[in-house]
Amino acid sequence: PVPIVYVVDGDTFVVDLDGVEETVRMQGVDSRELHPDPEGSPPEECAVTAKEYTENIIGLQVDLVPDSECADGPITNCREYYGRLLTYVRLADCSDMGARLLKVGLAEVYTNAQFDRKSSYLDLQEEAEDAGVGLFGPGCPDEATQPQ
């Protein structure tokens, strides 16, 4: 397990890897942006709720689980466009943080890439859509006025 330093937003957080802070982006999920372009724009719908959910669920430490494409060298080979470490996140109760975000409708499946859990993640997103929760329901509370 690696210690959590802080949560950036619903799908991104910082961990301490042997004394080095590393930004982690959850593999295969995409929550809405807290700070969308242009600069100064209000958070996108459900962005604040997704961050709060992640902060409340993630705990003090997690296991980082690389996709099979990255098993040989996750720290160097599993990076996305912005240089963040791209990995699945296993919580202390052995559940998948990305799956939990999808199930409650606070993230969508990142469909622009292939990854091991894509099929199961799409099933979870469909369940959230059918249940009308989070992004797929009446929406999250007005977050534009909430502090971040």
# chains A, B, ... in the order shown; residues from 1 in each chain; ligands from 1
$ residues_around --residues "range 11-27 of chain A" --least-positions-apart "2" --cutoff "6 Å" --atoms "only C-alpha atoms" --output "PyMOL selection string"
chain A and resi 3-9+29+31+84-88
$ select_by_dssp --residues "chain A" --states "strand (DSSP E)" --output "compact mmCIF listing (two decimals) with C-alpha atoms, in the first residue's frame"
# COMPACT_ATOMS: atom_id res chain seq x y z
CA VAL A 2 1.03 3.60 -0.62
CA PRO A 3 -0.03 6.56 1.53
CA ILE A 4 -2.42 9.16 0.14
CA VAL A 5 -1.08 12.73 0.40
CA TYR A 6 -4.21 14.49 -0.92
CA VAL A 7 -7.05 14.18 -3.42
CA VAL A 8 -6.90 16.52 -6.43
CA ASP A 9 -10.32 15.71 -7.89
CA THR A 12 -6.78 12.09 -9.47
CA PHE A 13 -4.80 12.11 -6.24
CA VAL A 14 -1.24 12.35 -4.95
CA VAL A 15 0.60 9.53 -3.17
CA ASP A 16 3.92 9.24 -1.39
CA LEU A 17 6.11 6.72 -3.22
CA VAL A 20 8.47 11.22 -3.66
CA GLU A 21 5.04 12.72 -4.30
CA GLU A 22 3.50 11.11 -7.38
CA THR A 23 0.26 12.19 -9.06
CA VAL A 24 -2.00 9.24 -9.88
CA ARG A 25 -4.84 9.23 -12.41
CA MET A 26 -7.31 6.36 -12.11
CA VAL A 29 -12.47 6.58 -15.52
CA ASP A 30 -13.04 10.27 -16.06
CA GLN A 61 -3.53 4.35 1.74
CA VAL A 62 -4.27 2.37 -1.40
CA ASP A 63 -2.78 -0.31 -3.60
CA LEU A 64 -1.85 0.80 -7.10
CA VAL A 65 -2.66 -1.93 -9.62
CA LEU A 85 0.80 7.64 -13.22
CA LEU A 86 -2.12 5.72 -14.72
CA THR A 87 -3.31 2.82 -12.55
CA TYR A 88 -6.28 1.07 -11.01
CA VAL A 89 -6.83 1.81 -7.34
CA ARG A 90 -7.58 -0.95 -4.84
CA GLU A 108 -17.74 8.06 -16.96
CA VAL A 109 -15.67 5.42 -18.71
$ closest_residue --among "A:Leu34, A:Ala113, A:Val133, A:Ala47" --to "Glu80 in chain A" --atoms "only C-alpha atoms"
A:Ala113
$ select_by_dssp --residues "chain A" --states "helix (DSSP H, G or I)" --output "number ranges by chain"
A: 47-58, 68-70, 74-77, 97-103, 118-131, 134-136
$ closest_residue --among "A:Arg79, A:Arg117, A:Lys51, A:Arg100" --to "Gly10 in chain A" --atoms "only C-alpha atoms"
A:Lys51
$ closest_residue --among "A:Thr49, A:Gly83, A:Phe136, A:Leu102" --to "Leu122 in chain A" --atoms "only C-alpha atoms"
A:Leu102
